[in-house]
file query.pdb (PDB, C-alpha atoms)
MODEL        1
ATOM      1  CA  MET A  25     117.749 104.460 139.319
ATOM      2  CA  LEU A  26     115.739 102.512 136.796
ATOM      3  CA  SER A  27     117.383 101.460 133.568
ATOM      4  CA  ASP A  28     115.946 100.495 130.200
ATOM      5  CA  ASP A  29     116.837  96.907 131.110
ATOM      6  CA  ASP A  30     114.683  97.112 134.261
ATOM      7  CA  VAL A  31     111.673  98.261 132.246
ATOM      8  CA  ASP A  32     112.364  95.658 129.552
ATOM      9  CA  GLU A  33     112.407  92.936 132.214
ATOM     10  CA  ILE A  34     108.917  93.945 133.410
ATOM     11  CA  VAL A  35     107.621  93.976 129.835
ATOM     12  CA  PHE A  36     109.286  90.671 128.872
ATOM     13  CA  ARG A  37     107.969  88.969 132.004
ATOM     14  CA  ALA A  38     104.431  90.082 131.097
ATOM     15  CA  ALA A  39     104.923  88.821 127.545
ATOM     16  CA  GLY A  40     105.858  85.433 128.966
ATOM     17  CA  ASN A  41     103.197  85.065 131.638
ATOM     18  CA  GLY A  42     100.414  87.178 130.111
ATOM     19  CA  ASP A  43      99.994  89.355 133.215
ATOM     20  CA  HIS A  44      99.825  92.637 131.344
ATOM     21  CA  ARG A  45      97.614  94.252 133.980
ATOM     22  CA  GLY A  46     100.132  93.394 136.679
ATOM     23  CA  ALA A  47     102.949  94.829 134.573
ATOM     24  CA  ALA A  48     100.911  97.986 133.970
ATOM     25  CA  ALA A  49     100.300  98.394 137.703
ATOM     26  CA  THR A  50     104.023  97.940 138.424
ATOM     27  CA  LEU A  51     104.948 100.518 135.790
ATOM     28  CA  GLU A  52     102.380 102.987 137.154
ATOM     29  CA  THR A  53     103.777 102.535 140.658
ATOM     30  CA  LEU A  54     107.282 103.204 139.370
ATOM     31  CA  ALA A  55     106.006 106.278 137.508
ATOM     32  CA  GLU A  56     105.027 107.764 140.864
ATOM     33  CA  ARG A  57     108.531 107.263 142.309
ATOM     34  CA  PRO A  58     110.651 110.100 140.907
ATOM     35  CA  ASP A  59     113.603 108.944 142.990
ATOM     36  CA  THR A  60     113.897 105.952 140.623
ATOM     37  CA  HIS A  61     113.718 107.966 137.385
ATOM     38  CA  SER A  62     116.657 108.720 135.133
ATOM     39  CA  GLU A  63     117.363 110.716 132.007
ATOM     40  CA  THR A  64     115.762 108.025 129.814
ATOM     41  CA  ILE A  65     113.249 106.566 132.283
ATOM     42  CA  THR A  66     110.776 109.319 133.127
ATOM     43  CA  ARG A  67     107.296 109.452 134.572
ATOM     44  CA  ALA A  68     105.882 109.976 131.066
ATOM     45  CA  SER A  69     107.841 107.071 129.552
ATOM     46  CA  LEU A  70     106.719 104.739 132.352
ATOM     47  CA  LEU A  71     103.090 105.822 131.895
ATOM     48  CA  VAL A  72     103.341 105.163 128.149
ATOM     49  CA  ASP A  73     104.730 101.697 128.910
ATOM     50  CA  ALA A  74     101.901 101.114 131.402
ATOM     51  CA  GLY A  75      99.371 102.200 128.778
ATOM     52  CA  SER A  76     100.897  99.765 126.307
ATOM     53  CA  GLN A  77     100.488  96.939 128.802
ATOM     54  CA  TYR A  78      96.829  97.858 129.349
ATOM     55  CA  GLY A  79      96.451  97.867 125.575
ATOM     56  CA  LEU A  80      97.866  94.344 125.409
ATOM     57  CA  ALA A  81      95.241  93.413 127.999
ATOM     58  CA  GLN A  82      92.630  95.010 125.661
ATOM     59  CA  ASP A  83      91.706  97.539 128.365
ATOM     60  CA  TRP A  84      91.723 100.623 126.191
ATOM     61  CA  SER A  85      90.068 102.941 128.708
ATOM     62  CA  GLU A  86      92.915 102.293 131.171
ATOM     63  CA  ALA A  87      95.457 102.660 128.360
ATOM     64  CA  VAL A  88      93.940 106.020 127.403
ATOM     65  CA  ARG A  89      94.045 107.115 131.066
ATOM     66  CA  CYS A  90      97.785 106.351 131.232
ATOM     67  CA  TYR A  91      98.499 108.017 127.903
ATOM     68  CA  ARG A  92      96.605 111.152 128.970
ATOM     69  CA  ALA A  93      98.672 111.267 132.165
ATOM     70  CA  ALA A  94     101.892 110.887 130.135
ATOM     71  CA  VAL A  95     100.907 113.768 127.855
ATOM     72  CA  ALA A  96      99.960 115.937 130.835
ATOM     73  CA  ASP A  97     103.225 115.118 132.600
ATOM     74  CA  GLY A  98     105.341 116.504 129.782
ATOM     75  CA  SER A  99     108.594 114.763 130.724
ATOM     76  CA  THR A 100     110.733 113.311 127.948
ATOM     77  CA  CYS A 101     109.633 110.246 126.036
ATOM     78  CA  PRO A 102     111.285 108.390 123.137
ATOM     79  CA  VAL A 103     108.273 109.249 120.937
ATOM     80  CA  ASP A 104     105.691 111.967 121.574
ATOM     81  CA  PRO A 105     103.146 110.321 123.916
ATOM     82  CA  ARG A 106     100.310 111.937 121.967
ATOM     83  CA  VAL A 107     100.785 109.300 119.252
ATOM     84  CA  TRP A 108     100.018 106.541 121.753
ATOM     85  CA  LEU A 109      97.052 108.519 123.078
ATOM     86  CA  HIS A 110      95.839 108.802 119.484
ATOM     87  CA  ASP A 111      96.110 105.028 119.049
ATOM     88  CA  GLY A 112      94.314 104.346 122.327
ATOM     89  CA  LEU A 113      91.512 106.754 121.455
ATOM     90  CA  LEU A 114      90.987 105.087 118.075
ATOM     91  CA  ARG A 115      90.942 101.626 119.656
ATOM     92  CA  ASP A 116      88.597 102.835 122.395
ATOM     93  CA  GLY A 117      86.098 104.117 119.812
ATOM     94  CA  GLN A 118      86.793 107.797 120.449
ATOM     95  CA  ALA A 119      87.370 108.672 116.794
ATOM     96  CA  GLU A 120      86.363 112.336 117.085
ATOM     97  CA  GLU A 121      88.886 113.065 119.840
ATOM     98  CA  ALA A 122      91.513 111.056 117.944
ATOM     99  CA  GLY A 123      90.842 113.264 114.907
ATOM    100  CA  SER A 124      91.334 116.419 116.980
ATOM    101  CA  LEU A 125      94.601 115.031 118.302
ATOM    102  CA  ARG A 126      95.724 114.249 114.735
ATOM    103  CA  THR A 127      95.083 117.876 113.812
ATOM    104  CA  GLU A 128      97.236 118.965 116.763
ATOM    105  CA  LEU A 129     100.020 116.533 115.834
ATOM    106  CA  LYS A 130      99.944 117.636 112.202
ATOM    107  CA  ALA A 131     100.218 121.293 113.217
ATOM    108  CA  ALA A 132     103.260 120.502 115.384
ATOM    109  CA  ARG A 133     105.214 119.622 112.195
ATOM    110  CA  SER A 134     107.467 117.130 113.958
ATOM    111  CA  ALA A 135     110.718 116.071 112.302
ATOM    112  CA  ASP A 136     110.508 112.681 114.050
ATOM    113  CA  PRO A 137     109.597 109.892 111.592
ATOM    114  CA  GLY A 138     108.339 107.822 114.551
ATOM    115  CA  VAL A 139     105.461 110.234 115.086
ATOM    116  CA  TYR A 140     104.200 109.822 111.529
ATOM    117  CA  GLU A 141     104.765 106.074 111.465
ATOM    118  CA  ALA A 142     102.864 105.530 114.736
ATOM    119  CA  VAL A 143      99.896 107.668 113.662
ATOM    120  CA  ALA A 144      99.806 106.084 110.190
ATOM    121  CA  GLU A 145      99.954 102.546 111.571
ATOM    122  CA  SER A 146      97.122 103.326 114.018
ATOM    123  CA  LEU A 147      95.040 104.641 111.149
ATOM    124  CA  GLU A 148      95.899 101.590 109.061
ATOM    125  CA  ALA A 149      94.884  99.253 111.895
ATOM    126  CA  ALA A 150      91.582 101.133 112.181
ATOM    127  CA  GLY A 151      90.955 100.640 108.456
ATOM    128  CA  LEU A 152      91.390 104.343 107.669
ATOM    129  CA  LEU A 153      93.694 103.639 104.745
ATOM    130  CA  ASP A 154      93.416 106.983 102.942
ATOM    131  CA  ASP A 155      94.364 108.783 106.151
ATOM    132  CA  ALA A 156      97.184 106.301 106.789
ATOM    133  CA  HIS A 157      98.507 106.965 103.275
ATOM    134  CA  THR A 158      98.460 110.700 103.971
ATOM    135  CA  TRP A 159     100.416 110.305 107.228
ATOM    136  CA  PHE A 160     103.051 107.963 105.782
ATOM    137  CA  THR A 161     103.556 110.321 102.823
ATOM    138  CA  MET A 162     103.519 113.479 104.929
ATOM    139  CA  GLY A 163     105.993 111.952 107.340
ATOM    140  CA  TYR A 164     108.400 111.087 104.576
ATOM    141  CA  HIS A 165     108.282 114.560 103.057
ATOM    142  CA  ARG A 166     108.521 116.378 106.385
ATOM    143  CA  CYS A 167     111.450 114.258 107.575
ATOM    144  CA  GLU A 168     113.424 113.590 104.384
ATOM    145  CA  ARG A 169     115.827 116.461 105.080
ATOM    146  CA  ALA A 170     115.866 115.991 108.867
ATOM    147  CA  PRO A 171     118.957 114.576 110.566
ATOM    148  CA  VAL A 172     117.471 111.094 110.992
ATOM    149  CA  PRO A 173     118.750 107.667 109.944
ATOM    150  CA  ASP A 174     117.746 106.800 106.373
ATOM    151  CA  PHE A 175     116.196 103.509 107.434
ATOM    152  CA  LEU A 176     113.522 105.414 109.387
ATOM    153  CA  LEU A 177     112.523 107.179 106.185
ATOM    154  CA  ASP A 178     112.580 103.851 104.353
ATOM    155  CA  LEU A 179     110.212 102.394 106.954
ATOM    156  CA  LEU A 180     107.760 105.223 106.274
ATOM    157  CA  LEU A 181     107.918 104.377 102.584
ATOM    158  CA  VAL A 182     107.425 100.659 103.253
ATOM    159  CA  GLY A 183     104.270 101.468 105.231
ATOM    160  CA  ARG A 184     103.142 103.866 102.513
ATOM    161  CA  ARG A 185     103.652 101.183  99.866
ATOM    162  CA  ARG A 186     101.715  98.611 101.895
ATOM    163  CA  VAL A 187      98.758 101.006 102.198
ATOM    164  CA  ARG A 188      98.945 101.999  98.532
ATOM    165  CA  VAL A 189      98.784  98.324  97.528
ATOM    166  CA  ALA A 190      95.741  97.839  99.779
ATOM    167  CA  LEU A 191      94.109 100.905  98.203
ATOM    168  CA  GLY A 192      94.865  99.646  94.679
ATOM    169  CA  HIS A 193      97.070 102.612  93.750
ATOM    170  CA  PRO A 194      99.596 102.149  90.941
ATOM    171  CA  SER A 195     103.268 102.034  91.876
ATOM    172  CA  ASP A 196     105.149 105.343  91.920
ATOM    173  CA  ALA A 197     108.768 106.451  92.423
ATOM    174  CA  LEU A 198     108.513 106.341  96.240
ATOM    175  CA  ASP A 199     107.096 102.807  96.060
ATOM    176  CA  GLU A 200     110.184 101.825  94.058
ATOM    177  CA  VAL A 201     112.425 103.197  96.830
ATOM    178  CA  ALA A 202     110.442 101.118  99.344
ATOM    179  CA  GLU A 203     110.785  98.011  97.185
ATOM    180  CA  ASP A 204     114.553  98.549  96.858
ATOM    181  CA  TYR A 205     114.814  98.853 100.632
ATOM    182  CA  MET A 206     112.792  95.667 101.192
ATOM    183  CA  GLU A 207     115.012  93.777  98.740
ATOM    184  CA  THR A 208     118.111  95.059 100.517
ATOM    185  CA  VAL A 209     116.940  93.931 103.964
ATOM    186  CA  GLY A 210     115.400  90.704 102.679
ATOM    187  CA  GLY A 211     111.754  91.742 103.133
TER
ENDMDL
END

call {"tool": "encode", "arguments": {"input": "query.pdb", "output": "structure tokens"}}
result
Amino acid sequence: MLSDDDVDEIVFRAAGNGDHRGAAATLETLAERPDTHSETITRASLLVDAGSQYGLAQDWSEAVRCYRAAVADGSTCPVDPRVWLHDGLLRDGQAEEAGSLRTELKAARSADPGVYEAVAESLEAAGLLDDAHTWFTMGYHRCERAPVPDFLLDLLLVGRRRVRVALGHPSDALDEVAEDYMETVGG
């Protein structure tokens, strides 16, 4: 059975030697070997990791292919694989499909702060700051009463603050919470 450490070793090796395509191919091969999967290492999680490696190689069409396969697979993943598909679509210039996927993700009303953070950061990276602001803010409000660690909510507010500064918005009460958090952690 594969462990998180096994997957980390593949990823760390690629980070050291730059062979992200090779790492992606290895992860895809492992994704097709259910006998090696575990509760935390699933076909979908391995395909997301493979997509991430293709992304590091700047091969967004291959990344999107892996992310689509992860979504279609439906096995468990640490974060909804649709957020990575959304990122890949944006980076691959498929903004219309990414927008449709955002609508689907929004309608799902997830209580996972990671979903909102990933979508918001993808939007921020694409220069869609107003949309990023919406996703950081929406994520905070949808998750603030969810049973999640407070620091995950704080990270949403830190991202929100960063985008608000870039947009030239005046500071508000949530920005002050973000600033307090950054002072506490030394940011």

call {"tool": "atom_distance", "arguments": {"input": "query.pdb", "atom1": "atom CA of Gly46 of chain A", "atom2": "atom CA of Leu125 of chain A"}}
result
28.9 Å

call {"tool": "resolve_selection", "arguments": {"input": "query.pdb", "expression": "the PyMOL selection byres ((chain A and resi 69) around 12)", "output": "NGL selection string"}}
result
:A and (26-28 or 31 or 51-52 or 54-56 or 61-68 or 70-76 or 90-106 or 108)

call {"tool": "write_last_selection", "arguments": {"input": "query.pdb", "atoms": "C-alpha atoms", "output": "PDB file, in the coordinates of the input"}}
result
ATOM      1  CA  LEU A  26     115.739 102.512 136.796  1.00  0.00           C
ATOM      2  CA  SER A  27     117.383 101.460 133.568  1.00  0.00           C
ATOM      3  CA  ASP A  28     115.946 100.495 130.200  1.00  0.00           C
ATOM      4  CA  VAL A  31     111.673  98.261 132.246  1.00  0.00           C
ATOM      5  CA  LEU A  51     104.948 100.518 135.790  1.00  0.00           C
ATOM      6  CA  GLU A  52     102.380 102.987 137.154  1.00  0.00           C
ATOM      7  CA  LEU A  54     107.282 103.204 139.370  1.00  0.00           C
ATOM      8  CA  ALA A  55     106.006 106.278 137.508  1.00  0.00           C
ATOM      9  CA  GLU A  56     105.027 107.764 140.864  1.00  0.00           C
ATOM     10  CA  HIS A  61     113.718 107.966 137.385  1.00  0.00           C
ATOM     11  CA  SER A  62     116.657 108.720 135.133  1.00  0.00           C
ATOM     12  CA  GLU A  63     117.363 110.716 132.007  1.00  0.00           C
ATOM     13  CA  THR A  64     115.762 108.025 129.814  1.00  0.00           C
ATOM     14  CA  ILE A  65     113.249 106.566 132.283  1.00  0.00           C
ATOM     15  CA  THR A  66     110.776 109.319 133.127  1.00  0.00           C
ATOM     16  CA  ARG A  67     107.296 109.452 134.572  1.00  0.00           C
ATOM     17  CA  ALA A  68     105.882 109.976 131.066  1.00  0.00           C
ATOM     18  CA  LEU A  70     106.719 104.739 132.352  1.00  0.00           C
ATOM     19  CA  LEU A  71     103.090 105.822 131.895  1.00  0.00           C
ATOM     20  CA  VAL A  72     103.341 105.163 128.149  1.00  0.00           C
ATOM     21  CA  ASP A  73     104.730 101.697 128.910  1.00  0.00           C
ATOM     22  CA  ALA A  74     101.901 101.114 131.402  1.00  0.00           C
ATOM     23  CA  GLY A  75      99.371 102.200 128.778  1.00  0.00           C
ATOM     24  CA  SER A  76     100.897  99.765 126.307  1.00  0.00           C
ATOM     25  CA  CYS A  90      97.785 106.351 131.232  1.00  0.00           C
ATOM     26  CA  TYR A  91      98.499 108.017 127.903  1.00  0.00           C
ATOM     27  CA  ARG A  92      96.605 111.152 128.970  1.00  0.00           C
ATOM     28  CA  ALA A  93      98.672 111.267 132.165  1.00  0.00           C
ATOM     29  CA  ALA A  94     101.892 110.887 130.135  1.00  0.00           C
ATOM     30  CA  VAL A  95     100.907 113.768 127.855  1.00  0.00           C
ATOM     31  CA  ALA A  96      99.960 115.937 130.835  1.00  0.00           C
ATOM     32  CA  ASP A  97     103.225 115.118 132.600  1.00  0.00           C
ATOM     33  CA  GLY A  98     105.341 116.504 129.782  1.00  0.00           C
ATOM     34  CA  SER A  99     108.594 114.763 130.724  1.00  0.00           C
ATOM     35  CA  THR A 100     110.733 113.311 127.948  1.00  0.00           C
ATOM     36  CA  CYS A 101     109.633 110.246 126.036  1.00  0.00           C
ATOM     37  CA  PRO A 102     111.285 108.390 123.137  1.00  0.00           C
ATOM     38  CA  VAL A 103     108.273 109.249 120.937  1.00  0.00           C
ATOM     39  CA  ASP A 104     105.691 111.967 121.574  1.00  0.00           C
ATOM     40  CA  PRO A 105     103.146 110.321 123.916  1.00  0.00           C
ATOM     41  CA  ARG A 106     100.310 111.937 121.967  1.00  0.00           C
ATOM     42  CA  TRP A 108     100.018 106.541 121.753  1.00  0.00           C
TER      43      TRP A 108
END

call {"tool": "residues_around", "arguments": {"input": "query.pdb", "residues": "segment 161-166 of chain A", "least_positions_apart": "3", "cutoff": "8 Å", "atoms": "only C-alpha atoms", "output": "number ranges by chain"}}
result
A: 133-135, 137, 139-141, 157-158, 169-170, 177, 180-181, 184

call {"tool": "resolve_selection", "arguments": {"input": "query.pdb", "expression": "the PyMOL selection byres ((chain A and resi 112) around 12)", "output": "ChimeraX atom specification"}}
result
/A:72,75-80,82-92,105-111,113-119,121-122,125,142-143,146-147,149-150

call {"tool": "atom_distance", "arguments": {"input": "query.pdb", "atom1": "atom CA of Phe160 of chain A", "atom2": "atom CA of Ala144 of chain A"}}
result
5.8 Å

call {"tool": "resolve_selection", "arguments": {"input": "query.pdb", "expression": "the PyMOL selection byres ((chain A and resi 193-202) around 10)", "output": "PyMOL selection string"}}
result
chain A and resi 161+164+177-192+203-208

call {"tool": "axis_aligned_box", "arguments": {"input": "query.pdb", "around": "segment 42-58 of chain A", "padding_each_side": "8 Å", "output": "JSON"}}
result
{"center_x": 104.1, "center_y": 98.6, "center_z": 136.2, "size_x": 29.0, "size_y": 38.9, "size_z": 28.2}

call {"tool": "atom_distance", "arguments": {"input": "query.pdb", "atom1": "atom CA of Val209 of chain A", "atom2": "atom CA of Asp174 of chain A"}}
result
13.1 Å

call {"tool": "decode", "arguments": {"input": "query.pdb", "residues": "segment 71-91 of chain A", "atoms": "N, CA and C atoms", "output": "compact mmCIF listing (two decimals), in the first residue's frame"}}
result
# COMPACT_ATOMS: atom_id res chain seq x y z
N LEU A 71 -4.11 11.19 -9.27
CA LEU A 71 -4.31 11.95 -10.51
C LEU A 71 -4.18 13.45 -10.27
N VAL A 72 -4.66 13.93 -9.12
CA VAL A 72 -4.47 15.35 -8.79
C VAL A 72 -2.98 15.64 -8.64
N ASP A 73 -2.26 14.77 -7.95
CA ASP A 73 -0.81 14.97 -7.80
C ASP A 73 -0.10 14.93 -9.15
N ALA A 74 -0.54 14.03 -10.04
CA ALA A 74 0.05 13.98 -11.38
C ALA A 74 -0.24 15.28 -12.13
N GLY A 75 -1.46 15.77 -12.03
CA GLY A 75 -1.82 17.03 -12.67
C GLY A 75 -0.97 18.18 -12.16
N SER A 76 -0.71 18.18 -10.86
CA SER A 76 0.14 19.23 -10.27
C SER A 76 1.55 19.18 -10.85
N GLN A 77 2.06 17.97 -11.04
CA GLN A 77 3.40 17.84 -11.63
C GLN A 77 3.42 18.34 -13.08
N TYR A 78 2.37 18.01 -13.84
CA TYR A 78 2.29 18.55 -15.21
C TYR A 78 2.21 20.07 -15.17
N GLY A 79 1.49 20.60 -14.20
CA GLY A 79 1.41 22.05 -14.06
C GLY A 79 2.78 22.66 -13.80
N LEU A 80 3.56 22.01 -12.94
CA LEU A 80 4.92 22.50 -12.68
C LEU A 80 5.79 22.44 -13.92
N ALA A 81 5.45 21.53 -14.82
CA ALA A 81 6.16 21.43 -16.11
C ALA A 81 5.55 22.38 -17.15
N GLN A 82 4.56 23.18 -16.72
CA GLN A 82 3.86 24.14 -17.58
C GLN A 82 3.10 23.45 -18.72
N ASP A 83 2.70 22.21 -18.53
CA ASP A 83 1.91 21.48 -19.52
C ASP A 83 0.47 21.43 -19.00
N TRP A 84 -0.23 22.53 -19.24
CA TRP A 84 -1.56 22.67 -18.65
C TRP A 84 -2.59 21.77 -19.30
N SER A 85 -2.42 21.42 -20.57
CA SER A 85 -3.40 20.52 -21.18
C SER A 85 -3.32 19.13 -20.54
N GLU A 86 -2.13 18.67 -20.23
CA GLU A 86 -1.97 17.38 -19.54
C GLU A 86 -2.47 17.48 -18.11
N ALA A 87 -2.21 18.61 -17.46
CA ALA A 87 -2.72 18.81 -16.10
C ALA A 87 -4.24 18.74 -16.09
N VAL A 88 -4.87 19.44 -17.03
CA VAL A 88 -6.33 19.44 -17.12
C VAL A 88 -6.85 18.02 -17.36
N ARG A 89 -6.16 17.26 -18.22
CA ARG A 89 -6.57 15.88 -18.49
C ARG A 89 -6.58 15.06 -17.19
N CYS A 90 -5.53 15.21 -16.39
CA CYS A 90 -5.45 14.47 -15.12
C CYS A 90 -6.53 14.93 -14.14
N TYR A 91 -6.73 16.24 -14.06
CA TYR A 91 -7.74 16.76 -13.15
C TYR A 91 -9.14 16.29 -13.55
